[in-house]
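The data block below is run20.cif; it holds mmCIF, C-alpha atoms and all ligand atoms.
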```cif
data_work
#
loop_
_atom_site.label_atom_id
_atom_site.label_comp_id
_atom_site.auth_asym_id
_atom_site.auth_seq_id
_atom_site.Cartn_x
_atom_site.Cartn_y
_atom_site.Cartn_z
CA MET A 1 315.69 46.21 188.40
CA LYS A 2 314.07 42.79 188.37
CA TYR A 3 314.05 41.04 184.99
CA ILE A 4 316.39 43.70 183.57
CA ASP A 5 319.69 43.87 185.50
CA GLU A 6 320.14 40.10 185.73
CA PHE A 7 319.76 39.87 181.95
CA ARG A 8 322.51 42.48 181.36
CA ASP A 9 325.29 40.92 183.41
CA GLY A 10 328.56 41.27 181.50
CA GLU A 11 330.31 38.36 183.22
CA VAL A 12 327.47 36.00 182.43
CA ALA A 13 327.53 37.24 178.82
CA GLN A 14 331.23 36.41 178.64
CA SER A 15 330.64 32.93 180.01
CA ILE A 16 327.83 32.24 177.50
CA ALA A 17 330.11 33.53 174.73
CA ALA A 18 332.84 31.12 175.87
CA ALA A 19 330.32 28.26 175.84
CA ILE A 20 329.21 29.19 172.29
CA LYS A 21 332.83 29.24 171.16
CA ALA A 22 333.47 25.85 172.74
CA GLU A 23 330.32 24.29 171.29
CA ALA A 24 330.47 25.76 167.77
CA ASP A 25 332.14 23.51 165.21
CA ALA A 26 335.27 25.37 164.10
CA ASN A 27 334.85 23.97 160.58
CA ALA A 28 331.26 25.18 160.22
CA THR A 29 329.68 28.61 159.79
CA TYR A 30 326.42 29.41 161.55
CA HIS A 31 324.10 31.95 159.87
CA ILE A 32 321.48 33.15 162.34
CA MET A 33 318.80 35.70 161.44
CA GLU A 34 317.34 37.78 164.23
CA PHE A 35 313.89 38.55 162.84
CA CYS A 36 313.08 41.41 165.15
CA GLY A 37 314.33 44.98 165.16
CA GLY A 38 314.38 44.78 168.98
CA HIS A 39 317.04 42.09 168.75
CA THR A 40 318.99 44.06 166.13
CA HIS A 41 318.96 47.00 168.54
CA ALA A 42 320.19 44.83 171.46
CA ILE A 43 322.93 43.25 169.34
CA SER A 44 324.25 46.68 168.29
CA ARG A 45 323.78 48.38 171.64
CA TYR A 46 325.57 45.72 173.68
CA GLY A 47 328.16 44.80 171.04
CA LEU A 48 327.06 41.17 171.07
CA GLU A 49 328.61 40.38 167.68
CA ASP A 50 331.99 41.21 169.20
CA LEU A 51 331.47 38.47 171.78
CA LEU A 52 330.58 35.80 169.24
CA PRO A 53 333.16 33.68 167.41
CA ALA A 54 333.76 34.72 163.79
CA ASN A 55 331.97 31.66 162.43
CA VAL A 56 328.67 32.63 164.15
CA ARG A 57 327.18 35.34 161.95
CA MET A 58 324.11 37.42 162.71
CA ILE A 59 321.86 38.53 159.85
CA HIS A 60 319.32 41.30 160.41
CA GLY A 61 315.74 40.44 159.49
CA PRO A 62 312.65 42.42 158.46
CA GLY A 63 311.06 42.70 161.91
CA CYS A 64 311.03 46.49 162.19
CA PRO A 65 307.41 47.57 161.67
CA VAL A 66 308.32 51.09 160.61
CA CYS A 67 310.89 49.84 158.10
CA VAL A 68 308.73 47.30 156.27
CA LEU A 69 305.94 49.69 155.33
CA PRO A 70 306.40 50.51 151.64
CA VAL A 71 306.53 53.99 150.15
CA GLY A 72 302.99 53.62 148.77
CA ARG A 73 301.44 53.28 152.23
CA ILE A 74 303.40 56.30 153.53
CA ASP A 75 302.16 58.29 150.53
CA ALA A 76 298.62 57.10 151.26
CA ALA A 77 298.90 58.31 154.88
CA ILE A 78 300.13 61.70 153.65
CA TRP A 79 297.20 61.80 151.21
CA LEU A 80 294.79 61.06 154.06
CA ALA A 81 296.37 63.77 156.23
CA LYS A 82 295.69 66.29 153.47
CA GLN A 83 291.97 65.51 153.16
CA PRO A 84 289.66 68.32 154.38
CA GLY A 85 288.69 68.00 158.03
CA VAL A 86 291.10 65.12 158.73
CA THR A 87 293.45 64.89 161.71
CA LEU A 88 295.91 62.07 161.14
CA VAL A 89 297.47 60.54 164.25
CA THR A 90 300.21 57.96 164.55
CA TYR A 91 303.23 56.81 166.54
CA GLY A 92 306.26 59.13 166.53
CA ASP A 93 308.59 57.19 164.24
CA MET A 94 306.11 57.23 161.38
CA LEU A 95 306.23 61.02 161.10
CA ARG A 96 309.75 61.06 159.65
CA VAL A 97 309.64 58.07 157.29
CA PRO A 98 310.25 59.34 153.76
CA GLY A 99 307.54 58.76 151.20
CA SER A 100 308.02 59.38 147.51
CA ARG A 101 309.48 62.74 146.36
CA ARG A 102 311.14 63.02 149.83
CA LEU A 103 307.79 63.87 151.41
CA SER A 104 306.93 62.76 154.93
CA LEU A 105 304.09 63.27 157.39
CA LEU A 106 306.27 65.80 159.22
CA LYS A 107 306.69 67.82 156.02
CA ALA A 108 302.95 67.54 155.34
CA LYS A 109 302.39 68.94 158.85
CA ALA A 110 304.77 71.82 158.09
CA GLU A 111 302.71 72.51 154.98
CA GLY A 112 299.52 72.77 157.05
CA ALA A 113 298.15 69.23 157.36
CA ASP A 114 296.86 68.34 160.83
CA VAL A 115 299.22 65.51 161.82
CA ARG A 116 299.68 64.56 165.47
CA MET A 117 301.88 62.12 167.34
CA VAL A 118 300.28 59.81 169.90
CA TYR A 119 301.78 57.40 172.44
CA SER A 120 298.83 55.03 172.45
CA THR A 121 295.57 54.27 170.70
CA LEU A 122 293.85 55.63 173.81
CA ASP A 123 295.32 59.08 172.99
CA ALA A 124 293.75 58.82 169.53
CA ILE A 125 290.34 58.04 171.02
CA LYS A 126 290.66 60.97 173.47
CA LEU A 127 291.51 63.26 170.56
CA ALA A 128 288.47 62.12 168.58
CA SER A 129 286.19 62.58 171.62
CA ALA A 130 287.51 66.09 172.24
CA ASN A 131 287.27 67.16 168.57
CA PRO A 132 283.94 65.99 167.20
CA GLU A 133 284.24 68.41 164.27
CA ARG A 134 287.40 66.64 163.02
CA GLN A 135 287.72 63.21 161.38
CA VAL A 136 290.49 61.53 163.40
CA VAL A 137 292.30 58.82 161.43
CA PHE A 138 294.69 56.54 163.30
CA PHE A 139 297.55 55.41 161.03
CA ALA A 140 297.93 51.92 162.53
CA ILE A 141 301.15 50.03 161.93
CA GLY A 142 302.98 47.12 163.44
CA PHE A 143 303.15 43.38 163.88
CA GLU A 144 300.93 41.22 166.08
CA THR A 145 301.98 43.17 169.20
CA THR A 146 300.29 46.42 168.22
CA THR A 147 297.18 44.95 166.60
CA PRO A 148 295.28 44.26 169.88
CA PRO A 149 295.56 47.92 171.03
CA THR A 150 294.11 49.00 167.67
CA ALA A 151 291.24 46.54 168.19
CA VAL A 152 290.66 47.93 171.69
CA ALA A 153 290.51 51.48 170.27
CA ILE A 154 287.84 50.44 167.77
CA LYS A 155 285.84 48.74 170.54
CA GLN A 156 286.07 51.97 172.55
CA ALA A 157 284.99 54.07 169.56
CA GLN A 158 282.06 51.71 169.11
CA ALA A 159 281.11 51.92 172.79
CA LEU A 160 281.37 55.72 172.79
CA GLY A 161 279.46 56.03 169.52
CA LEU A 162 282.35 57.95 167.95
CA LYS A 163 281.51 58.60 164.32
CA ASN A 164 284.64 60.68 163.71
CA PHE A 165 287.25 57.98 164.38
CA SER A 166 288.69 55.53 161.87
CA VAL A 167 291.77 53.38 161.35
CA PHE A 168 294.13 53.26 158.35
CA CYS A 169 295.11 49.66 158.97
CA ASN A 170 298.64 48.48 158.14
CA HIS A 171 299.04 45.64 160.62
CA VAL A 172 301.27 42.85 159.30
CA LEU A 173 301.99 39.26 160.24
CA THR A 174 305.31 37.77 161.32
CA PRO A 175 305.01 34.13 160.14
CA SER A 176 304.15 35.21 156.56
CA ALA A 177 307.26 37.42 156.44
CA ILE A 178 309.52 34.60 157.63
CA THR A 179 308.02 32.23 155.07
CA GLN A 180 308.53 34.83 152.33
CA ILE A 181 312.22 35.12 153.25
CA LEU A 182 312.67 31.35 153.26
CA ASP A 183 310.96 31.15 149.85
CA SER A 184 312.99 34.04 148.38
CA PRO A 185 315.32 33.28 145.45
CA GLU A 186 318.29 34.53 147.49
CA VAL A 187 317.73 31.79 150.08
CA ARG A 188 316.20 28.97 148.01
CA GLU A 189 317.86 29.13 144.60
CA LEU A 190 320.81 31.49 144.51
CA GLY A 191 322.16 30.73 147.96
CA THR A 192 323.34 34.34 148.30
CA VAL A 193 321.69 34.53 151.71
CA LYS A 194 322.57 31.62 153.95
CA LEU A 195 320.08 31.09 156.76
CA ASP A 196 320.55 28.26 159.19
CA ALA A 197 318.30 29.38 162.03
CA PHE A 198 316.08 32.15 163.42
CA ILE A 199 315.84 34.06 166.65
CA GLY A 200 312.08 34.49 166.99
CA PRO A 201 310.46 37.73 168.16
CA ALA A 202 309.87 38.48 171.82
CA HIS A 203 306.87 40.79 172.05
CA VAL A 204 305.06 39.36 169.01
CA SER A 205 305.33 35.89 170.52
CA THR A 206 303.72 37.01 173.79
CA ILE A 207 300.59 37.45 171.65
CA ILE A 208 300.76 34.63 169.09
CA GLY A 209 302.73 32.15 171.20
CA SER A 210 305.39 29.78 169.91
CA ARG A 211 303.06 27.44 168.03
CA PRO A 212 302.91 29.43 164.72
CA TYR A 213 306.65 28.92 164.19
CA GLU A 214 306.38 25.14 164.37
CA TYR A 215 305.20 24.86 160.75
CA PHE A 216 308.20 26.46 159.10
CA ALA A 217 310.75 25.05 161.57
CA GLU A 218 309.66 21.61 160.38
CA GLU A 219 308.76 22.42 156.75
CA TYR A 220 311.90 24.47 156.01
CA GLN A 221 314.11 22.60 158.49
CA ARG A 222 315.25 25.74 160.28
CA PRO A 223 315.43 25.83 164.08
CA VAL A 224 313.82 28.73 165.93
CA VAL A 225 314.50 30.04 169.41
CA ILE A 226 312.15 32.72 170.72
CA ALA A 227 314.19 35.16 172.79
CA GLY A 228 313.71 38.23 174.95
CA PHE A 229 315.28 41.58 174.08
CA GLU A 230 317.94 41.70 176.77
CA PRO A 231 321.56 40.89 175.83
CA LEU A 232 321.70 37.64 177.79
CA ASP A 233 318.45 36.52 176.14
CA VAL A 234 320.05 36.96 172.73
CA MET A 235 323.31 35.25 173.74
CA GLN A 236 321.45 32.30 175.25
CA ALA A 237 319.28 32.01 172.11
CA VAL A 238 322.41 31.89 169.94
CA ARG A 239 323.82 29.14 172.15
CA MET A 240 320.56 27.14 171.90
CA LEU A 241 320.54 27.53 168.11
CA VAL A 242 324.17 26.46 167.77
CA ARG A 243 323.28 23.33 169.74
CA GLN A 244 320.24 22.61 167.56
CA ILE A 245 322.27 23.03 164.37
CA ASN A 246 325.02 20.77 165.74
CA ASP A 247 322.41 18.14 166.66
CA GLY A 248 320.58 18.41 163.31
CA ARG A 249 317.36 19.40 165.11
CA PHE A 250 314.70 21.78 163.70
CA GLU A 251 312.66 22.64 166.75
CA VAL A 252 310.96 25.68 168.19
CA GLU A 253 312.47 26.41 171.58
CA ASN A 254 311.42 29.15 173.94
CA GLU A 255 314.17 31.07 175.72
CA PHE A 256 311.67 33.81 176.69
CA ALA A 257 309.61 31.48 178.90
CA ARG A 258 309.10 34.29 181.43
CA ALA A 259 306.64 35.92 179.00
CA VAL A 260 305.85 33.55 176.08
CA THR A 261 303.71 30.40 176.13
CA ARG A 262 302.97 27.96 173.31
CA ASP A 263 299.50 29.39 172.70
CA GLY A 264 300.10 33.04 173.48
CA ASN A 265 297.47 35.47 174.72
CA GLU A 266 294.10 33.88 173.93
CA LYS A 267 292.12 37.00 174.84
CA ALA A 268 294.15 39.23 172.51
CA LYS A 269 294.08 36.64 169.71
CA SER A 270 290.31 36.25 169.91
CA LEU A 271 289.79 40.04 169.93
CA VAL A 272 291.91 40.34 166.78
CA ALA A 273 290.23 37.34 165.10
CA ASP A 274 286.82 38.86 165.80
CA MET A 275 287.67 42.18 164.20
CA PHE A 276 290.25 41.58 161.46
CA GLU A 277 290.55 39.40 158.38
CA LEU A 278 293.49 38.59 156.11
CA ARG A 279 294.24 40.76 153.11
CA ARG A 280 294.77 38.58 150.04
CA VAL A 281 298.08 40.32 149.41
CA PHE A 282 300.04 43.20 150.96
CA GLU A 283 303.15 44.93 149.76
CA TRP A 284 306.20 45.01 152.07
CA ARG A 285 309.30 47.09 151.62
CA GLY A 286 312.02 44.68 150.55
CA LEU A 287 309.84 41.59 150.43
CA GLY A 288 307.44 42.73 147.70
CA ALA A 289 303.83 41.50 147.51
CA VAL A 290 303.38 38.89 150.24
CA PRO A 291 300.18 36.79 150.16
CA TYR A 292 298.01 36.77 153.29
CA SER A 293 300.54 38.80 155.25
CA ALA A 294 298.44 41.70 156.57
CA LEU A 295 295.08 42.49 158.14
CA ARG A 296 292.07 44.62 157.32
CA LEU A 297 288.89 45.28 159.23
CA LYS A 298 286.00 42.87 158.77
CA GLU A 299 282.73 44.09 157.28
CA PRO A 300 280.93 44.60 160.64
CA TYR A 301 283.66 47.14 161.51
CA ALA A 302 283.67 48.85 158.10
CA ALA A 303 282.46 52.11 159.68
CA TRP A 304 285.87 52.48 161.35
CA ASP A 305 287.91 51.59 158.26
CA ALA A 306 289.56 54.67 156.70
CA GLU A 307 290.09 52.76 153.44
CA ARG A 308 286.33 52.36 153.11
CA ARG A 309 285.54 55.95 154.12
CA TRP A 310 287.99 57.50 151.66
CA ASP A 311 289.17 56.38 148.25
CA VAL A 312 292.72 55.93 149.55
CA PRO A 313 295.34 55.66 146.74
CA GLN A 314 296.76 52.15 146.36
CA ASP A 315 299.85 53.08 144.32
CA SER A 316 303.23 51.31 144.59
CA PRO A 317 305.90 53.90 143.87
CA PRO A 318 309.48 52.57 143.87
CA ASP A 319 311.93 53.07 146.74
CA ASN A 320 314.65 55.70 146.56
CA LYS A 321 317.12 53.99 144.19
CA ALA A 322 320.14 54.79 146.34
CA CYS A 323 318.57 53.37 149.52
CA GLU A 324 319.41 49.72 150.29
CA CYS A 325 316.67 49.26 152.91
CA GLY A 326 314.90 46.62 150.82
CA ALA A 327 318.03 44.46 150.51
CA ILE A 328 318.85 44.99 154.22
CA LEU A 329 315.35 43.84 155.23
CA ARG A 330 315.84 40.64 153.19
CA GLY A 331 319.20 39.97 154.85
CA VAL A 332 321.02 40.44 151.54
CA LYS A 333 323.00 43.53 152.59
CA LYS A 334 324.21 45.26 155.74
CA PRO A 335 323.73 48.96 156.54
CA THR A 336 327.40 49.66 155.86
CA ASP A 337 326.95 48.34 152.30
CA CYS A 338 324.84 51.43 151.55
CA LYS A 339 326.81 54.32 150.05
CA LEU A 340 324.58 56.84 151.82
CA PHE A 341 325.06 55.35 155.30
CA GLY A 342 326.38 57.97 157.70
CA THR A 343 327.10 60.46 154.94
CA VAL A 344 323.90 61.66 153.29
CA CYS A 345 321.72 59.43 155.48
CA THR A 346 321.73 59.83 159.28
CA PRO A 347 318.97 59.67 161.91
CA GLU A 348 318.71 63.49 161.66
CA ASN A 349 318.31 63.29 157.89
CA PRO A 350 316.96 59.82 157.07
CA MET A 351 316.84 58.84 153.41
CA GLY A 352 315.14 55.53 154.14
CA SER A 353 312.93 53.97 156.79
CA CYS A 354 315.73 51.78 158.25
CA MET A 355 317.43 54.96 159.52
CA VAL A 356 314.28 56.36 161.17
CA SER A 357 313.14 53.84 163.73
CA ALA A 358 315.33 52.82 166.68
CA GLU A 359 314.56 49.25 165.60
CA GLY A 360 315.85 49.87 162.08
CA ALA A 361 319.17 48.20 161.25
CA CYS A 362 320.72 51.40 159.87
CA ALA A 363 319.72 53.47 162.92
CA ALA A 364 321.00 50.74 165.28
CA HIS A 365 324.38 50.55 163.50
CA TRP A 366 324.71 54.33 163.40
CA THR A 367 323.57 55.02 166.96
CA TYR A 368 325.91 52.46 168.52
CA GLY A 369 328.85 53.12 166.21
CA ARG A 370 329.01 49.61 164.74
CA PHE A 371 330.51 51.08 161.54
CA ARG A 372 333.59 52.25 163.47
CA ASP A 373 334.81 48.64 163.70
CA LEU A 374 334.85 48.57 159.91
CA GLU A 375 336.70 51.88 159.72
CA ARG A 376 339.35 50.53 162.10
CA SER A 377 339.84 47.33 160.13
CA GLU A 378 340.23 49.12 156.78
S1 LIG B 1 321.69 54.12 155.24
FE1 LIG B 1 319.82 55.25 154.73
S2 LIG B 1 319.71 55.21 152.51
FE2 LIG B 1 321.12 53.58 153.14
S3 LIG B 1 319.87 51.75 153.37
FE3 LIG B 1 319.94 52.71 155.37
S4 LIG B 1 318.12 54.00 155.40
FE4 LIG B 1 318.45 53.49 153.25
#
```
Would you write out, as structure tokens, the structure that this file holds?
Amino acid sequence: MKYIDEFRDGEVAQSIAAAIKAEADANATYHIMEFCGGHTHAISRYGLEDLLPANVRMIHGPGCPVCVLPVGRIDAAIWLAKQPGVTLVTYGDMLRVPGSRRLSLLKAKAEGADVRMVYSTLDAIKLASANPERQVVFFAIGFETTTPPTAVAIKQAQALGLKNFSVFCNHVLTPSAITQILDSPEVRELGTVKLDAFIGPAHVSTIIGSRPYEYFAEEYQRPVVIAGFEPLDVMQAVRMLVRQINDGRFEVENEFARAVTRDGNEKAKSLVADMFELRRVFEWRGLGAVPYSALRLKEPYAAWDAERRWDVPQDSPPDNKACECGAILRGVKKPTDCKLFGTVCTPENPMGSCMVSAEGACAAHWTYGRFRDLERSE
């Protein structure tokens, strides 16, 4: 298949791995964070860490949209689903993410709440059109990639005059999350998380372009390579980052040139800018309260904002104490550091959000058996 098979060629992967080994300084260690859950998934699925030399270390980042939503926002979605006359719709992964007291949208559904899974925002609009007696609330999550479809849904609701459709908006921003990690005590003061470079997101960057990463590449002196989600994309990005680190450069390079430009998708960006504004602060799982890191609907679109229609709880209950998702999302720990990994917590019985989504680090490690390497070496 074009643009797939040629980026999964094992022999080419081996040759890039050999080049990385040859180019990496044997006396140095390279700490590279892949921001995106899509990259974490590719690294686990194709065993890319096994191809890399031991002194090139991958650190999982917070770029899994399901994982970063804190317990309070899951609880708020469950609260909305239980309001009289409400049908709450969202993407499949969100249904199983545990809220506080081990509740989830799936359990709320089992208890009688009207919760439905949709594949697209268009499905949500169709549902609202077909059920005028119900208030259909779309639980919107995700980074810059999923924000434009939410905007399109609101435009459609406006055009159709749908009064029974609204959005519980939880769209978050990639650059703010990267800045928060670089400003975290673990990176800046304590040095417990070493970060030399970033692999930048693929899909997000098709929307925002490569330009937004230029600020922190220069300000924090960390090189960035935007990469696609195929295994050769990731390997090539690692090679480009090793070269930048060796050369002492802090540039934004674009490995995913087949889909990403410097300025991104102007139409999508202008649609989002027209409809959304920055929240002053938004809580992230693992990263805490991050200033200007999420979006809400602007006043002219208030009629479609579920948080203005209902008095949605804004609580911040703590994470399950035994779950290490927060530390994993900050790059401080790995899934196998969690005592519950693979014992109490599995994809069938997730105790934390990182085990729910395919993009979550725990689910990726479990699904592709990355923990077995550890078992063998013990
Ligand atoms: S294995 Fe489960 S409990 Fe442990 S960090 Fe991952 S999601 Fe949380």
Counting only C-alpha atoms and all ligand atoms, what residues are within 9 Å of ligand LIG 1 (chain B), given as a ChimeraX atom specification?
/A:67,320-328,333-347,349-356,360-363,366
Selection near Glu266 in chain A, 9 Å with all atoms listed in the file, sequence-local residues under 5 positions removed, as a PyMOL selection string:
chain A and resi 207-208+271
With 6 Å of padding per side, what axis-aligned box (centre and edge lengths, Å, one decimal) covers all the listed atoms of range 60-65 of chain A? Give it as JSON.
```
{"center_x": 313.4, "center_y": 44.0, "center_z": 160.3, "size_x": 23.9, "size_y": 19.1, "size_z": 15.7}
```
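Excluding range 124-138 of chain A and any residue on its chain fewer than 4 positions from it, the residues at most 6 Å away by only C-alpha atoms are Gly85, Val86, Thr87, Leu88, Val89, Thr90, Asn164, Phe165, Ser166, Val167 and Phe168 of chain A.
Each of A:Gln156, A:Asn265, A:Ser316, A:Thr146 was checked against Asp75 in chain A using only C-alpha atoms; the smallest atom-to-atom distance is that of A:Ser316.
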What's the separation between CA of Asn254 in chain A and CA of Ala237 in chain A, in Å to one decimal place?
8.6 Å
For Phe250 in chain A, work out the shell of residues within 7 Å, counting all atoms listed in the file and skipping chain neighbours fewer than 5 positions away, then give it as an mmCIF file with C-alpha atoms, keeping the file's coordinate frame.
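File written: part_9.cif
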```cif
data_model
loop_
_atom_site.group_PDB
_atom_site.id
_atom_site.type_symbol
_atom_site.label_atom_id
_atom_site.label_comp_id
_atom_site.auth_asym_id
_atom_site.auth_seq_id
_atom_site.Cartn_x
_atom_site.Cartn_y
_atom_site.Cartn_z
ATOM 1 C CA ALA A 217 310.750 25.050 161.570
ATOM 2 C CA GLU A 218 309.660 21.610 160.380
ATOM 3 C CA GLN A 221 314.110 22.600 158.490
ATOM 4 C CA ARG A 222 315.250 25.740 160.280
ATOM 5 C CA PRO A 223 315.430 25.830 164.080
ATOM 6 C CA GLN A 244 320.240 22.610 167.560
#
```
List every protein, DNA or RNA residue with an atom no more than 12 Å from (293.5, 49.7, 169.9) in the file's coordinates, counting only C-alpha atoms, and format the result as an NGL selection string.
:A and (90 or 119-125 or 138-142 or 144-158 or 165-167 or 169 or 171 or 268 or 271-272 or 275 or 304)
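Here CA of Ala77 in chain A stands at a distance of 14.7 Å from CA of Glu111 in chain A.
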Could you pull out every residue with an atom within 9 Å of (321.2, 36.6, 178.3), file coordinates, counting only C-alpha atoms, and send them as a PyMOL selection string?
chain A and resi 6-9+12-13+16+228-237
For range 328-348 of chain A, supply N, CA, C and O atoms and report the output as a PDB file, in the coordinates of the input.
```pdb
ATOM      1  N   ILE A 328     318.505  45.200 152.799  1.00  0.00           N
ATOM      2  CA  ILE A 328     318.850  44.990 154.220  1.00  0.00           C
ATOM      3  C   ILE A 328     317.737  44.195 154.910  1.00  0.00           C
ATOM      4  O   ILE A 328     317.996  43.274 155.683  1.00  0.00           O
ATOM      5  N   LEU A 329     316.484  44.531 154.591  1.00  0.00           N
ATOM      6  CA  LEU A 329     315.350  43.840 155.230  1.00  0.00           C
ATOM      7  C   LEU A 329     315.257  42.375 154.799  1.00  0.00           C
ATOM      8  O   LEU A 329     314.681  41.552 155.502  1.00  0.00           O
ATOM      9  N   ARG A 330     315.829  42.041 153.642  1.00  0.00           N
ATOM     10  CA  ARG A 330     315.840  40.640 153.190  1.00  0.00           C
ATOM     11  C   ARG A 330     317.082  39.895 153.674  1.00  0.00           C
ATOM     12  O   ARG A 330     317.258  38.716 153.384  1.00  0.00           O
ATOM     13  N   GLY A 331     317.969  40.602 154.363  1.00  0.00           N
ATOM     14  CA  GLY A 331     319.200  39.970 154.850  1.00  0.00           C
ATOM     15  C   GLY A 331     320.277  39.881 153.793  1.00  0.00           C
ATOM     16  O   GLY A 331     321.308  39.250 153.999  1.00  0.00           O
ATOM     17  N   VAL A 332     320.055  40.537 152.634  1.00  0.00           N
ATOM     18  CA  VAL A 332     321.020  40.440 151.540  1.00  0.00           C
ATOM     19  C   VAL A 332     322.203  41.387 151.773  1.00  0.00           C
ATOM     20  O   VAL A 332     323.334  41.081 151.402  1.00  0.00           O
ATOM     21  N   LYS A 333     321.932  42.554 152.353  1.00  0.00           N
ATOM     22  CA  LYS A 333     323.000  43.530 152.590  1.00  0.00           C
ATOM     23  C   LYS A 333     322.995  43.997 154.040  1.00  0.00           C
ATOM     24  O   LYS A 333     322.009  43.810 154.751  1.00  0.00           O
ATOM     25  N   LYS A 334     324.097  44.653 154.408  1.00  0.00           N
ATOM     26  CA  LYS A 334     324.210  45.260 155.740  1.00  0.00           C
ATOM     27  C   LYS A 334     324.145  46.777 155.583  1.00  0.00           C
ATOM     28  O   LYS A 334     324.436  47.287 154.504  1.00  0.00           O
ATOM     29  N   PRO A 335     323.803  47.501 156.651  1.00  0.00           N
ATOM     30  CA  PRO A 335     323.730  48.960 156.540  1.00  0.00           C
ATOM     31  C   PRO A 335     324.993  49.580 155.948  1.00  0.00           C
ATOM     32  O   PRO A 335     324.928  50.519 155.151  1.00  0.00           O
ATOM     33  N   THR A 336     326.149  49.055 156.330  1.00  0.00           N
ATOM     34  CA  THR A 336     327.400  49.660 155.860  1.00  0.00           C
ATOM     35  C   THR A 336     327.655  49.394 154.379  1.00  0.00           C
ATOM     36  O   THR A 336     328.582  49.965 153.793  1.00  0.00           O
ATOM     37  N   ASP A 337     326.847  48.536 153.757  1.00  0.00           N
ATOM     38  CA  ASP A 337     326.950  48.340 152.300  1.00  0.00           C
ATOM     39  C   ASP A 337     326.331  49.506 151.535  1.00  0.00           C
ATOM     40  O   ASP A 337     326.522  49.631 150.329  1.00  0.00           O
ATOM     41  N   CYS A 338     325.533  50.321 152.228  1.00  0.00           N
ATOM     42  CA  CYS A 338     324.840  51.430 151.550  1.00  0.00           C
ATOM     43  C   CYS A 338     325.778  52.639 151.470  1.00  0.00           C
ATOM     44  O   CYS A 338     326.350  53.061 152.488  1.00  0.00           O
ATOM     45  N   LYS A 339     325.896  53.175 150.260  1.00  0.00           N
ATOM     46  CA  LYS A 339     326.810  54.320 150.050  1.00  0.00           C
ATOM     47  C   LYS A 339     326.367  55.560 150.828  1.00  0.00           C
ATOM     48  O   LYS A 339     327.168  56.437 151.122  1.00  0.00           O
ATOM     49  N   LEU A 340     325.071  55.651 151.138  1.00  0.00           N
ATOM     50  CA  LEU A 340     324.580  56.840 151.820  1.00  0.00           C
ATOM     51  C   LEU A 340     324.719  56.763 153.343  1.00  0.00           C
ATOM     52  O   LEU A 340     324.533  57.757 154.039  1.00  0.00           O
ATOM     53  N   PHE A 341     325.036  55.566 153.853  1.00  0.00           N
ATOM     54  CA  PHE A 341     325.060  55.350 155.300  1.00  0.00           C
ATOM     55  C   PHE A 341     326.053  56.295 155.992  1.00  0.00           C
ATOM     56  O   PHE A 341     327.255  56.293 155.693  1.00  0.00           O
ATOM     57  N   GLY A 342     325.516  57.105 156.884  1.00  0.00           N
ATOM     58  CA  GLY A 342     326.380  57.970 157.700  1.00  0.00           C
ATOM     59  C   GLY A 342     326.929  59.175 156.969  1.00  0.00           C
ATOM     60  O   GLY A 342     327.610  60.004 157.568  1.00  0.00           O
ATOM     61  N   THR A 343     326.657  59.279 155.671  1.00  0.00           N
ATOM     62  CA  THR A 343     327.100  60.460 154.940  1.00  0.00           C
ATOM     63  C   THR A 343     325.866  61.321 154.649  1.00  0.00           C
ATOM     64  O   THR A 343     325.542  62.236 155.400  1.00  0.00           O
ATOM     65  N   VAL A 344     325.156  60.944 153.590  1.00  0.00           N
ATOM     66  CA  VAL A 344     323.900  61.660 153.290  1.00  0.00           C
ATOM     67  C   VAL A 344     322.810  61.245 154.275  1.00  0.00           C
ATOM     68  O   VAL A 344     321.977  62.056 154.681  1.00  0.00           O
ATOM     69  N   CYS A 345     322.819  59.975 154.664  1.00  0.00           N
ATOM     70  CA  CYS A 345     321.720  59.430 155.480  1.00  0.00           C
ATOM     71  C   CYS A 345     322.153  59.235 156.936  1.00  0.00           C
ATOM     72  O   CYS A 345     323.063  58.449 157.227  1.00  0.00           O
ATOM     73  N   THR A 346     321.501  59.951 157.830  1.00  0.00           N
ATOM     74  CA  THR A 346     321.730  59.830 159.280  1.00  0.00           C
ATOM     75  C   THR A 346     320.358  59.886 159.958  1.00  0.00           C
ATOM     76  O   THR A 346     319.376  60.255 159.309  1.00  0.00           O
ATOM     77  N   PRO A 347     320.284  59.570 161.252  1.00  0.00           N
ATOM     78  CA  PRO A 347     318.970  59.670 161.910  1.00  0.00           C
ATOM     79  C   PRO A 347     318.379  61.083 161.834  1.00  0.00           C
ATOM     80  O   PRO A 347     317.159  61.251 161.825  1.00  0.00           O
ATOM     81  N   GLU A 348     319.230  62.111 161.769  1.00  0.00           N
ATOM     82  CA  GLU A 348     318.710  63.490 161.660  1.00  0.00           C
ATOM     83  C   GLU A 348     318.175  63.768 160.269  1.00  0.00           C
ATOM     84  O   GLU A 348     317.301  64.605 160.091  1.00  0.00           O
TER      85      GLU A 348
END
```
